[in-house]
$ cat start_32.cif   # mmCIF, C-alpha atoms (C1' of nucleotides)
data_start
#
loop_
_atom_site.group_PDB
_atom_site.id
_atom_site.type_symbol
_atom_site.label_atom_id
_atom_site.label_comp_id
_atom_site.auth_asym_id
_atom_site.auth_seq_id
_atom_site.Cartn_x
_atom_site.Cartn_y
_atom_site.Cartn_z
ATOM 1 C CA MET A 1 55.885 -125.381 -59.039
ATOM 2 C CA THR A 2 59.500 -125.328 -60.010
ATOM 3 C CA THR A 3 61.429 -122.142 -59.616
ATOM 4 C CA HIS A 4 64.988 -121.764 -60.727
ATOM 5 C CA THR A 5 67.768 -119.532 -59.638
ATOM 6 C CA SER A 6 70.476 -120.265 -62.121
ATOM 7 C CA ILE A 7 70.322 -118.569 -65.471
ATOM 8 C CA GLN A 8 70.884 -121.789 -67.364
ATOM 9 C CA HIS A 9 67.793 -123.383 -65.943
ATOM 10 C CA LEU A 10 65.335 -120.566 -66.443
ATOM 11 C CA ASN A 11 62.180 -121.581 -68.200
ATOM 12 C CA ASP A 12 60.607 -119.326 -70.803
ATOM 13 C CA ASP A 13 58.336 -117.596 -68.366
ATOM 14 C CA GLU A 14 61.099 -116.900 -65.904
ATOM 15 C CA ARG A 15 63.339 -115.665 -68.655
ATOM 16 C CA GLU A 16 60.710 -113.238 -69.824
ATOM 17 C CA ARG A 17 60.123 -111.835 -66.369
ATOM 18 C CA PHE A 18 63.836 -111.595 -65.807
ATOM 19 C CA THR A 19 64.391 -109.667 -69.020
ATOM 20 C CA ALA A 20 61.365 -107.473 -68.306
ATOM 21 C CA THR A 21 62.879 -106.501 -64.976
ATOM 22 C CA VAL A 22 66.273 -105.835 -66.448
ATOM 23 C CA GLU A 23 64.792 -103.818 -69.279
ATOM 24 C CA LEU A 24 62.730 -101.767 -66.878
ATOM 25 C CA ILE A 25 65.590 -100.593 -64.718
ATOM 26 C CA GLY A 26 67.856 -100.589 -67.749
ATOM 27 C CA LYS A 27 65.911 -97.748 -69.302
ATOM 28 C CA ARG A 28 67.976 -94.634 -69.509
ATOM 29 C CA TRP A 29 68.183 -92.885 -66.106
ATOM 30 C CA SER A 30 66.081 -95.443 -64.242
ATOM 31 C CA ALA A 31 68.943 -97.033 -62.375
ATOM 32 C CA GLY A 32 70.491 -93.660 -61.637
ATOM 33 C CA ILE A 33 67.223 -92.402 -60.229
ATOM 34 C CA LEU A 34 66.798 -95.447 -58.014
ATOM 35 C CA VAL A 35 70.326 -95.104 -56.718
ATOM 36 C CA ALA A 36 69.789 -91.420 -56.063
ATOM 37 C CA ILE A 37 66.685 -92.143 -54.021
ATOM 38 C CA ALA A 38 68.511 -94.859 -52.144
ATOM 39 C CA LYS A 39 71.174 -92.290 -51.367
ATOM 40 C CA ASP A 40 68.628 -90.056 -49.691
ATOM 41 C CA ALA A 41 67.584 -87.780 -52.524
ATOM 42 C CA HIS A 42 63.857 -87.750 -51.959
ATOM 43 C CA ARG A 43 62.724 -84.465 -53.447
ATOM 44 C CA PHE A 44 62.210 -84.036 -57.148
ATOM 45 C CA SER A 45 64.861 -81.337 -57.360
ATOM 46 C CA GLU A 46 67.295 -83.300 -55.231
ATOM 47 C CA ILE A 47 67.100 -86.230 -57.585
ATOM 48 C CA ALA A 48 67.467 -83.914 -60.545
ATOM 49 C CA ASN A 49 70.611 -82.439 -59.007
ATOM 50 C CA VAL A 50 72.179 -85.769 -58.184
ATOM 51 C CA VAL A 51 71.586 -87.379 -61.562
ATOM 52 C CA SER A 52 73.446 -85.063 -63.862
ATOM 53 C CA GLY A 53 72.193 -84.649 -67.389
ATOM 54 C CA LEU A 54 68.693 -85.738 -66.536
ATOM 55 C CA SER A 55 65.955 -83.349 -67.659
ATOM 56 C CA ASP A 56 62.831 -82.572 -65.675
ATOM 57 C CA ARG A 57 60.641 -84.117 -68.279
ATOM 58 C CA LEU A 58 62.423 -87.438 -68.268
ATOM 59 C CA LEU A 59 62.682 -87.451 -64.497
ATOM 60 C CA ALA A 60 58.940 -87.034 -64.179
ATOM 61 C CA GLN A 61 58.344 -89.720 -66.767
ATOM 62 C CA ARG A 62 60.715 -92.224 -65.193
ATOM 63 C CA LEU A 63 59.321 -91.597 -61.739
ATOM 64 C CA ARG A 64 55.883 -92.372 -63.050
ATOM 65 C CA GLU A 65 57.105 -95.592 -64.620
ATOM 66 C CA LEU A 66 58.915 -96.625 -61.465
ATOM 67 C CA GLU A 67 55.824 -95.832 -59.445
ATOM 68 C CA ILE A 68 53.673 -97.965 -61.726
ATOM 69 C CA ALA A 69 56.228 -100.748 -61.378
ATOM 70 C CA GLU A 70 55.881 -100.321 -57.624
ATOM 71 C CA LEU A 71 59.553 -99.724 -57.139
ATOM 72 C CA VAL A 72 58.947 -96.194 -55.914
ATOM 73 C CA VAL A 73 56.163 -94.472 -53.991
ATOM 74 C CA ARG A 74 55.194 -90.869 -54.344
ATOM 75 C CA GLU A 75 54.281 -89.146 -51.115
ATOM 76 C CA VAL A 76 52.505 -85.810 -51.197
ATOM 77 C CA ILE A 77 52.866 -83.752 -48.061
ATOM 78 C CA PRO A 78 50.122 -81.123 -47.832
ATOM 79 C CA SER A 79 52.243 -78.276 -46.591
ATOM 80 C CA THR A 80 52.543 -74.856 -48.230
ATOM 81 C CA PRO A 81 53.922 -75.159 -50.691
ATOM 82 C CA VAL A 82 53.098 -78.797 -51.232
ATOM 83 C CA GLN A 83 56.031 -81.112 -50.805
ATOM 84 C CA VAL A 84 56.503 -84.230 -52.822
ATOM 85 C CA ARG A 85 58.833 -86.970 -51.686
ATOM 86 C CA TYR A 86 59.814 -90.156 -53.417
ATOM 87 C CA HIS A 87 60.761 -93.303 -51.589
ATOM 88 C CA LEU A 88 61.764 -96.788 -52.520
ATOM 89 C CA THR A 89 59.159 -99.424 -51.859
ATOM 90 C CA GLU A 90 60.174 -102.606 -50.127
ATOM 91 C CA SER A 91 60.492 -104.326 -53.456
ATOM 92 C CA GLY A 92 62.434 -101.400 -54.876
ATOM 93 C CA ALA A 93 64.931 -101.474 -52.060
ATOM 94 C CA ASP A 94 65.136 -105.231 -52.369
ATOM 95 C CA LEU A 95 65.821 -104.960 -56.076
ATOM 96 C CA LEU A 96 68.717 -102.633 -55.436
ATOM 97 C CA ARG A 97 70.044 -105.087 -52.902
ATOM 98 C CA ALA A 98 69.722 -107.804 -55.511
ATOM 99 C CA MET A 99 71.794 -105.681 -57.858
ATOM 100 C CA GLU A 100 74.717 -105.361 -55.511
ATOM 101 C CA PRO A 101 76.608 -108.269 -57.054
ATOM 102 C CA VAL A 102 76.533 -106.269 -60.274
ATOM 103 C CA ILE A 103 78.506 -103.555 -58.531
ATOM 104 C CA GLU A 104 81.057 -106.122 -57.468
ATOM 105 C CA TRP A 105 81.101 -107.331 -61.043
ATOM 106 C CA GLY A 106 81.941 -103.794 -62.089
ATOM 107 C CA HIS A 107 84.862 -103.744 -59.706
ATOM 108 C CA ARG A 108 86.117 -107.035 -61.049
ATOM 109 C CA TRP A 109 85.714 -106.346 -64.742
ATOM 110 C CA ARG A 110 85.443 -102.612 -65.238
ATOM 111 C CA PRO A 111 88.084 -101.264 -62.883
ATOM 112 C CA GLU A 112 89.065 -98.175 -64.898
ATOM 113 C CA ARG A 113 89.521 -95.586 -62.243
ATOM 114 C CA ASP A 114 88.330 -94.988 -58.728
ATOM 115 C CA ALA A 115 87.276 -91.536 -57.629
ATOM 116 C CA MET B 1 91.249 -96.896 -53.230
ATOM 117 C CA THR B 2 87.842 -97.271 -51.723
ATOM 118 C CA THR B 3 85.394 -99.564 -53.401
ATOM 119 C CA HIS B 4 81.870 -100.010 -52.216
ATOM 120 C CA THR B 5 79.399 -102.780 -52.520
ATOM 121 C CA SER B 6 76.255 -101.302 -51.075
ATOM 122 C CA ILE B 7 74.170 -99.080 -53.289
ATOM 123 C CA GLN B 8 73.931 -96.378 -50.672
ATOM 124 C CA HIS B 9 77.649 -95.891 -50.548
ATOM 125 C CA LEU B 10 78.407 -95.743 -54.228
ATOM 126 C CA ASN B 11 80.439 -92.759 -55.278
ATOM 127 C CA ASP B 12 79.668 -90.917 -58.483
ATOM 128 C CA ASP B 13 82.091 -92.893 -60.570
ATOM 129 C CA GLU B 14 80.827 -96.222 -59.299
ATOM 130 C CA ARG B 15 77.259 -95.147 -59.815
ATOM 131 C CA GLU B 16 77.963 -94.216 -63.410
ATOM 132 C CA ARG B 17 79.624 -97.506 -64.176
ATOM 133 C CA PHE B 18 76.841 -99.354 -62.455
ATOM 134 C CA THR B 19 74.167 -97.590 -64.478
ATOM 135 C CA ALA B 20 76.169 -98.037 -67.664
ATOM 136 C CA THR B 21 76.252 -101.776 -67.077
ATOM 137 C CA VAL B 22 72.586 -101.963 -66.270
ATOM 138 C CA GLU B 23 71.704 -99.850 -69.277
ATOM 139 C CA LEU B 24 73.804 -102.001 -71.545
ATOM 140 C CA ILE B 25 72.172 -105.283 -70.702
ATOM 141 C CA GLY B 26 68.879 -103.494 -70.213
ATOM 142 C CA LYS B 27 68.708 -102.640 -73.895
ATOM 143 C CA ARG B 28 65.872 -104.434 -75.575
ATOM 144 C CA TRP B 29 66.778 -108.087 -76.266
ATOM 145 C CA SER B 30 70.253 -107.911 -74.747
ATOM 146 C CA ALA B 31 69.401 -109.859 -71.622
ATOM 147 C CA GLY B 32 67.371 -112.369 -73.589
ATOM 148 C CA ILE B 33 70.263 -112.938 -75.957
ATOM 149 C CA LEU B 34 72.723 -113.450 -73.125
ATOM 150 C CA VAL B 35 70.409 -115.910 -71.440
ATOM 151 C CA ALA B 36 69.903 -117.757 -74.713
ATOM 152 C CA ILE B 37 73.644 -118.126 -75.181
ATOM 153 C CA ALA B 38 74.007 -119.265 -71.594
ATOM 154 C CA LYS B 39 71.379 -121.851 -72.325
ATOM 155 C CA ASP B 40 73.472 -123.315 -75.124
ATOM 156 C CA ALA B 41 72.172 -121.444 -78.146
ATOM 157 C CA HIS B 42 75.441 -120.643 -79.856
ATOM 158 C CA ARG B 43 74.524 -120.312 -83.508
ATOM 159 C CA PHE B 44 72.995 -117.142 -84.877
ATOM 160 C CA SER B 45 69.860 -118.954 -85.958
ATOM 161 C CA GLU B 46 69.593 -120.838 -82.680
ATOM 162 C CA ILE B 47 69.578 -117.606 -80.746
ATOM 163 C CA ALA B 48 67.046 -116.141 -83.150
ATOM 164 C CA ASN B 49 64.791 -119.128 -82.580
ATOM 165 C CA VAL B 50 65.039 -119.042 -78.823
ATOM 166 C CA VAL B 51 64.412 -115.336 -78.424
ATOM 167 C CA SER B 52 61.007 -114.959 -79.971
ATOM 168 C CA GLY B 53 60.144 -111.696 -81.649
ATOM 169 C CA LEU B 54 63.751 -110.774 -82.234
ATOM 170 C CA SER B 55 64.589 -109.845 -85.818
ATOM 171 C CA ASP B 56 67.834 -110.710 -87.589
ATOM 172 C CA ARG B 57 68.795 -107.112 -87.820
ATOM 173 C CA LEU B 58 68.492 -106.453 -84.127
ATOM 174 C CA LEU B 59 70.152 -109.717 -83.238
ATOM 175 C CA ALA B 60 73.168 -108.842 -85.344
ATOM 176 C CA GLN B 61 73.303 -105.384 -83.861
ATOM 177 C CA ARG B 62 73.013 -106.533 -80.265
ATOM 178 C CA LEU B 63 75.614 -109.236 -80.775
ATOM 179 C CA ARG B 64 77.999 -106.610 -82.039
ATOM 180 C CA GLU B 65 77.333 -104.421 -79.022
ATOM 181 C CA LEU B 66 77.776 -107.311 -76.629
ATOM 182 C CA GLU B 67 80.965 -108.265 -78.389
ATOM 183 C CA ILE B 68 82.308 -104.742 -78.081
ATOM 184 C CA ALA B 69 81.393 -104.809 -74.402
ATOM 185 C CA GLU B 70 83.347 -108.048 -74.171
ATOM 186 C CA LEU B 71 80.422 -109.967 -72.800
ATOM 187 C CA VAL B 72 80.305 -112.207 -75.857
ATOM 188 C CA VAL B 73 82.906 -113.563 -78.264
ATOM 189 C CA ARG B 74 82.303 -114.367 -81.878
ATOM 190 C CA GLU B 75 84.036 -117.462 -83.109
ATOM 191 C CA VAL B 76 84.314 -118.137 -86.815
ATOM 192 C CA ILE B 77 84.885 -121.749 -87.715
ATOM 193 C CA PRO B 78 86.325 -122.049 -91.232
ATOM 194 C CA SER B 79 84.294 -125.021 -92.367
ATOM 195 C CA THR B 80 82.132 -125.152 -95.454
ATOM 196 C CA PRO B 81 79.917 -123.401 -95.066
ATOM 197 C CA VAL B 82 81.509 -121.174 -92.500
ATOM 198 C CA GLN B 83 80.117 -121.603 -89.022
ATOM 199 C CA VAL B 84 79.777 -118.783 -86.564
ATOM 200 C CA ARG B 85 79.365 -119.448 -82.886
ATOM 201 C CA TYR B 86 78.805 -117.050 -80.063
ATOM 202 C CA HIS B 87 79.983 -117.667 -76.544
ATOM 203 C CA LEU B 88 79.905 -115.832 -73.281
ATOM 204 C CA THR B 89 83.214 -114.464 -72.170
ATOM 205 C CA GLU B 90 84.318 -115.014 -68.617
ATOM 206 C CA SER B 91 83.038 -111.595 -67.689
ATOM 207 C CA GLY B 92 79.784 -112.230 -69.527
ATOM 208 C CA ALA B 93 79.172 -115.462 -67.678
ATOM 209 C CA ASP B 94 80.144 -113.756 -64.447
ATOM 210 C CA LEU B 95 77.704 -110.962 -65.089
ATOM 211 C CA LEU B 96 74.892 -113.426 -65.541
ATOM 212 C CA ARG B 97 75.878 -115.064 -62.298
ATOM 213 C CA ALA B 98 75.817 -111.659 -60.667
ATOM 214 C CA MET B 99 72.285 -111.216 -61.960
ATOM 215 C CA GLU B 100 70.947 -114.341 -60.325
ATOM 216 C CA PRO B 101 69.670 -112.511 -57.256
ATOM 217 C CA VAL B 102 67.491 -110.555 -59.656
ATOM 218 C CA ILE B 103 65.816 -113.803 -60.636
ATOM 219 C CA GLU B 104 65.151 -114.538 -57.009
ATOM 220 C CA TRP B 105 63.804 -111.038 -56.680
ATOM 221 C CA GLY B 106 61.407 -111.856 -59.497
ATOM 222 C CA HIS B 107 60.212 -114.900 -57.626
ATOM 223 C CA ARG B 108 59.677 -112.869 -54.504
ATOM 224 C CA TRP B 109 57.983 -109.852 -56.040
ATOM 225 C CA ARG B 110 56.702 -110.845 -59.464
ATOM 226 C CA PRO B 111 55.276 -114.296 -58.833
ATOM 227 C CA GLU B 112 52.445 -114.189 -61.372
ATOM 228 C CA ARG B 113 52.482 -117.641 -62.816
ATOM 229 C CA ASP B 114 54.964 -120.457 -63.143
ATOM 230 C CA ALA B 115 55.142 -122.452 -66.351
ATOM 231 C "C1'" DC C 1 59.044 -76.517 -56.213
ATOM 232 C "C1'" DT C 2 56.975 -79.989 -59.179
ATOM 233 C "C1'" DG C 3 55.882 -80.958 -62.842
ATOM 234 C "C1'" DG C 4 52.618 -80.647 -67.665
ATOM 235 C "C1'" DA C 5 52.397 -79.253 -72.681
ATOM 236 C "C1'" DT C 6 54.658 -78.444 -76.976
ATOM 237 C "C1'" DC C 7 57.973 -78.549 -80.504
ATOM 238 C "C1'" DC C 8 61.124 -80.731 -83.083
ATOM 239 C "C1'" DC C 9 64.856 -83.735 -83.932
ATOM 240 C "C1'" DT C 10 67.216 -88.058 -83.737
ATOM 241 C "C1'" DA C 11 67.663 -92.809 -82.664
ATOM 242 C "C1'" DT C 12 65.643 -96.997 -82.901
ATOM 243 C "C1'" DC C 13 62.664 -100.363 -84.615
ATOM 244 C "C1'" DG C 14 60.362 -103.916 -87.681
ATOM 245 C "C1'" DA C 15 59.739 -105.498 -92.251
ATOM 246 C "C1'" DT C 16 61.371 -106.576 -96.505
ATOM 247 C "C1'" DA C 17 64.643 -107.588 -99.824
ATOM 248 C "C1'" DC C 18 69.175 -109.025 -100.897
ATOM 249 C "C1'" DT C 19 74.210 -111.304 -100.623
ATOM 250 C "C1'" DG C 20 78.630 -114.227 -99.811
ATOM 251 C "C1'" DC D 1 73.632 -120.024 -92.714
ATOM 252 C "C1'" DA D 2 74.709 -115.426 -91.190
ATOM 253 C "C1'" DG D 3 74.199 -111.614 -91.884
ATOM 254 C "C1'" DT D 4 73.765 -106.366 -94.681
ATOM 255 C "C1'" DA D 5 71.016 -102.541 -97.011
ATOM 256 C "C1'" DT D 6 67.309 -99.757 -97.212
ATOM 257 C "C1'" DC D 7 63.025 -97.700 -95.787
ATOM 258 C "C1'" DG D 8 59.152 -95.753 -93.502
ATOM 259 C "C1'" DA D 9 57.029 -95.556 -88.933
ATOM 260 C "C1'" DT D 10 57.386 -94.593 -84.210
ATOM 261 C "C1'" DA D 11 59.271 -93.860 -79.830
ATOM 262 C "C1'" DG D 12 62.420 -91.481 -77.125
ATOM 263 C "C1'" DG D 13 64.870 -87.363 -76.052
ATOM 264 C "C1'" DG D 14 66.253 -82.277 -75.159
ATOM 265 C "C1'" DA D 15 64.814 -77.590 -74.847
ATOM 266 C "C1'" DT D 16 61.659 -74.299 -73.811
ATOM 267 C "C1'" DC D 17 57.756 -72.306 -71.938
ATOM 268 C "C1'" DC D 18 54.024 -72.472 -68.751
ATOM 269 C "C1'" DA D 19 51.086 -73.529 -64.382
ATOM 270 C "C1'" DG D 20 49.266 -74.975 -59.700
#

$ encode --input "start_32.cif" --output "structure tokens"
Amino acid sequence: MTTHTSIQHLNDDERERFTATVELIGKRWSAGILVAIAKDAHRFSEIANVVSGLSDRLLAQRLRELEIAELVVREVIPSTPVQVRYHLTESGADLLRAMEPVIEWGHRWRPERDA
Amino acid sequence: MTTHTSIQHLNDDERERFTATVELIGKRWSAGILVAIAKDAHRFSEIANVVSGLSDRLLAQRLRELEIAELVVREVIPSTPVQVRYHLTESGADLLRAMEPVIEWGHRWRPERDA
DNA sequence: CTGGATCCCTATCGATACTG
DNA sequence: CAGTATCGATAGGGATCCAG
């Protein structure tokens, strides 16, 4: 079993899983939704408010995809009315952590402006 | 000027640039193309051969997008016949380096099989 | 509040054929 | 070799309305 960490040495299988991961969270809104949840937006409407431009339909769809990918868990709280909360899974939180160098990359190469 | 590295502390502007980056390389084939170039496939046809399933049309389109994003440079060598070679820019290579933790994430959470 | 169902439009895709 | 042009099919997207 040989696993590689550097891009240059990826074998075909690793490359495919790498691109699959990137393409999953690269889908429109996915990354924004994950970041929103990480920033403590756990309710459906909270996420919708944080990620501007995102429609209810797409939010529901993306949440389902992220749940299937086991990056997010959906928790139903049987209160009245029923509450639904979304959380990052361990792997979801870990993926965001793994993406942090990309943020630094953005600071290095896409400085533009700073709010 | 306050820049943040952790996902939780991203401000709106940083979050948008982060998602824009992720969505760019998350477009279908983009990551695969970048990896192929990193792995020494510099000719158009070489890249097409390495990334299986990718059509000429999409390859040309993605290369243009990646060039516009300054992740890739197109070099035209005036030989006969003309040669065209694609290379990663500094920022492109740096972005791939920044993505390496995502590969490790794949090993941790998407082990499946190893070729 | 949290979505599902529909409608309709546009973007994107893959295949094929063609060119300097 | 390195693309471009065109086309028909499909997927993705926004808006709106509706429901538990």

$ resolve_selection --input "start_32.cif" --expression "the PyMOL selection byres ((chain C) within 12 of (chain B))" --output "ChimeraX atom specification"
/C:12-16,20

$ atom_distance --input "start_32.cif" --atom1 "atom CA of A:Glu112" --atom2 "atom CA of B:Lys27"
22.7 Å

$ interface_residues --input "start_32.cif" --of "chain B" --to "chain A" --cutoff "9 Å" --atoms "all atoms listed in the file" --output "JSON, numbers by chain"
{"B": [1, 2, 3, 4, 5, 6, 7, 8, 9, 10, 11, 12, 13, 14, 15, 16, 17, 18, 19, 20, 21, 22, 23, 24, 25, 26, 27, 28, 29, 30, 31, 32, 35, 36, 38, 39, 40, 91, 94, 95, 96, 97, 98, 99, 100, 101, 102, 103, 104, 105, 106, 107, 108, 109, 110, 113, 114, 115]}

$ closest_residue --input "start_32.cif" --among "A:His87, A:Val82, A:Ala69, A:Ile47" --to "chain D" --atoms "only C-alpha atoms (C1' of nucleotides)"
A:Val82

$ resolve_selection --input "start_32.cif" --expression "the PyMOL selection byres ((chain B) within 10 of (chain D))" --output "list in words"
Arg43, Phe44, Ser45, Asp56, Arg57, Leu59, Ala60, Pro81, Val82, Gln83 and Val84 of chain B

$ calpha_fit_and_write --input "start_32.cif" --fixed "chain A" --moving "chain B" --output "compact mmCIF listing (two decimals) with C-alpha atoms, in the frame of the given file"
# COMPACT_ATOMS: atom_id res chain seq x y z
CA MET B 1 55.85 -125.30 -58.96
CA THR B 2 59.45 -125.27 -60.00
CA THR B 3 61.40 -122.09 -59.59
CA HIS B 4 64.96 -121.72 -60.69
CA THR B 5 67.75 -119.51 -59.60
CA SER B 6 70.47 -120.26 -62.09
CA ILE B 7 70.31 -118.56 -65.45
CA GLN B 8 70.84 -121.79 -67.32
CA HIS B 9 67.74 -123.35 -65.90
CA LEU B 10 65.30 -120.54 -66.41
CA ASN B 11 62.12 -121.54 -68.17
CA ASP B 12 60.56 -119.29 -70.76
CA ASP B 13 58.28 -117.55 -68.33
CA GLU B 14 61.06 -116.86 -65.86
CA ARG B 15 63.31 -115.64 -68.62
CA GLU B 16 60.68 -113.19 -69.80
CA ARG B 17 60.11 -111.79 -66.36
CA PHE B 18 63.81 -111.56 -65.80
CA THR B 19 64.38 -109.64 -69.01
CA ALA B 20 61.38 -107.43 -68.31
CA THR B 21 62.88 -106.46 -64.97
CA VAL B 22 66.29 -105.82 -66.44
CA GLU B 23 64.81 -103.81 -69.28
CA LEU B 24 62.76 -101.74 -66.89
CA ILE B 25 65.62 -100.58 -64.73
CA GLY B 26 67.88 -100.60 -67.75
CA LYS B 27 65.94 -97.75 -69.32
CA ARG B 28 68.03 -94.63 -69.52
CA TRP B 29 68.22 -92.89 -66.12
CA SER B 30 66.11 -95.44 -64.27
CA ALA B 31 68.98 -97.02 -62.39
CA GLY B 32 70.52 -93.65 -61.65
CA ILE B 33 67.25 -92.39 -60.24
CA LEU B 34 66.82 -95.43 -58.03
CA VAL B 35 70.34 -95.09 -56.72
CA ALA B 36 69.80 -91.40 -56.07
CA ILE B 37 66.69 -92.12 -54.03
CA ALA B 38 68.53 -94.84 -52.15
CA LYS B 39 71.18 -92.29 -51.39
CA ASP B 40 68.65 -90.03 -49.70
CA ALA B 41 67.58 -87.77 -52.54
CA HIS B 42 63.85 -87.75 -51.98
CA ARG B 43 62.70 -84.46 -53.46
CA PHE B 44 62.18 -84.05 -57.17
CA SER B 45 64.80 -81.34 -57.38
CA GLU B 46 67.25 -83.28 -55.24
CA ILE B 47 67.09 -86.22 -57.60
CA ALA B 48 67.45 -83.90 -60.57
CA ASN B 49 70.57 -82.42 -59.02
CA VAL B 50 72.16 -85.73 -58.20
CA VAL B 51 71.58 -87.34 -61.57
CA SER B 52 73.44 -85.02 -63.86
CA GLY B 53 72.19 -84.61 -67.40
CA LEU B 54 68.69 -85.71 -66.54
CA SER B 55 65.96 -83.32 -67.66
CA ASP B 56 62.79 -82.57 -65.70
CA ARG B 57 60.67 -84.14 -68.34
CA LEU B 58 62.47 -87.44 -68.29
CA LEU B 59 62.70 -87.46 -64.52
CA ALA B 60 58.95 -87.04 -64.23
CA GLN B 61 58.37 -89.74 -66.79
CA ARG B 62 60.74 -92.24 -65.22
CA LEU B 63 59.33 -91.60 -61.76
CA ARG B 64 55.90 -92.39 -63.09
CA GLU B 65 57.14 -95.61 -64.65
CA LEU B 66 58.94 -96.64 -61.49
CA GLU B 67 55.85 -95.84 -59.49
CA ILE B 68 53.71 -97.98 -61.76
CA ALA B 69 56.25 -100.77 -61.40
CA GLU B 70 55.91 -100.33 -57.65
CA LEU B 71 59.58 -99.73 -57.16
CA VAL B 72 58.97 -96.19 -55.95
CA VAL B 73 56.18 -94.49 -54.02
CA ARG B 74 55.19 -90.88 -54.37
CA GLU B 75 54.27 -89.19 -51.15
CA VAL B 76 52.48 -85.86 -51.21
CA ILE B 77 52.83 -83.84 -48.05
CA PRO B 78 50.07 -81.22 -47.81
CA SER B 79 52.18 -78.37 -46.51
CA THR B 80 52.47 -74.95 -48.09
CA PRO B 81 53.83 -75.23 -50.58
CA VAL B 82 53.03 -78.85 -51.16
CA GLN B 83 55.98 -81.16 -50.76
CA VAL B 84 56.47 -84.27 -52.82
CA ARG B 85 58.82 -86.99 -51.70
CA TYR B 86 59.81 -90.16 -53.43
CA HIS B 87 60.78 -93.31 -51.61
CA LEU B 88 61.79 -96.79 -52.54
CA THR B 89 59.19 -99.41 -51.86
CA GLU B 90 60.22 -102.59 -50.12
CA SER B 91 60.52 -104.31 -53.46
CA GLY B 92 62.46 -101.39 -54.88
CA ALA B 93 64.96 -101.45 -52.06
CA ASP B 94 65.16 -105.22 -52.37
CA LEU B 95 65.85 -104.96 -56.06
CA LEU B 96 68.74 -102.63 -55.44
CA ARG B 97 70.08 -105.07 -52.90
CA ALA B 98 69.75 -107.80 -55.49
CA MET B 99 71.81 -105.68 -57.85
CA GLU B 100 74.75 -105.36 -55.51
CA PRO B 101 76.64 -108.27 -57.06
CA VAL B 102 76.55 -106.27 -60.27
CA ILE B 103 78.54 -103.56 -58.54
CA GLU B 104 81.09 -106.12 -57.49
CA TRP B 105 81.12 -107.35 -61.05
CA GLY B 106 81.97 -103.81 -62.10
CA HIS B 107 84.88 -103.77 -59.72
CA ARG B 108 86.13 -107.06 -61.06
CA TRP B 109 85.70 -106.39 -64.77
CA ARG B 110 85.42 -102.64 -65.25
CA PRO B 111 88.06 -101.31 -62.89
CA GLU B 112 89.07 -98.23 -64.88
CA ARG B 113 89.53 -95.63 -62.23
CA ASP B 114 88.35 -95.07 -58.69
CA ALA B 115 87.34 -91.60 -57.57

$ atom_distance --input "start_32.cif" --atom1 "atom CA of A:Glu65" --atom2 "atom CA of B:Ala48"
29.4 Å

$ atom_distance --input "start_32.cif" --atom1 "atom CA of B:Glu75" --atom2 "atom CA of B:Thr89"
11.4 Å

$ axis_aligned_box --input "start_32.cif" --around "stretch 4-9 of chain D" --padding-each-side "6 Å" --output "AutoDock Vina command-line options"
--center_x 65.4 --center_y -101.0 --center_z -93.1 --size_x 28.7 --size_y 22.8 --size_z 20.3

$ decode --input "start_32.cif" --residues "chain D" --atoms "C-alpha atoms (C1' of nucleotides)" --output "CSV table (one decimal), in the first residue's frame"
chain,number,residue,atom,x,y,z
D,1,DC,C1',-1.1,18.5,-33.7
D,2,DA,C1',-4.3,21.7,-31.6
D,3,DG,C1',-7.9,23.2,-31.7
D,4,DT,C1',-13.0,25.5,-33.6
D,5,DA,C1',-18.0,25.0,-35.2
D,6,DT,C1',-22.3,23.2,-34.8
D,7,DC,C1',-25.9,20.5,-32.8
D,8,DG,C1',-29.2,18.1,-30.0
D,9,DA,C1',-29.7,16.3,-25.3
D,10,DT,C1',-29.6,17.0,-20.5
D,11,DA,C1',-28.5,19.0,-16.2
D,12,DG,C1',-28.6,22.8,-13.4
D,13,DG,C1',-30.7,27.0,-11.9
D,14,DG,C1',-34.3,30.7,-10.4
D,15,DA,C1',-38.9,31.8,-9.3
D,16,DT,C1',-43.1,30.7,-7.6
D,17,DC,C1',-46.5,28.3,-5.2
D,18,DC,C1',-47.7,24.9,-1.8
D,19,DA,C1',-47.5,21.8,2.5
D,20,DG,C1',-46.4,19.4,7.1
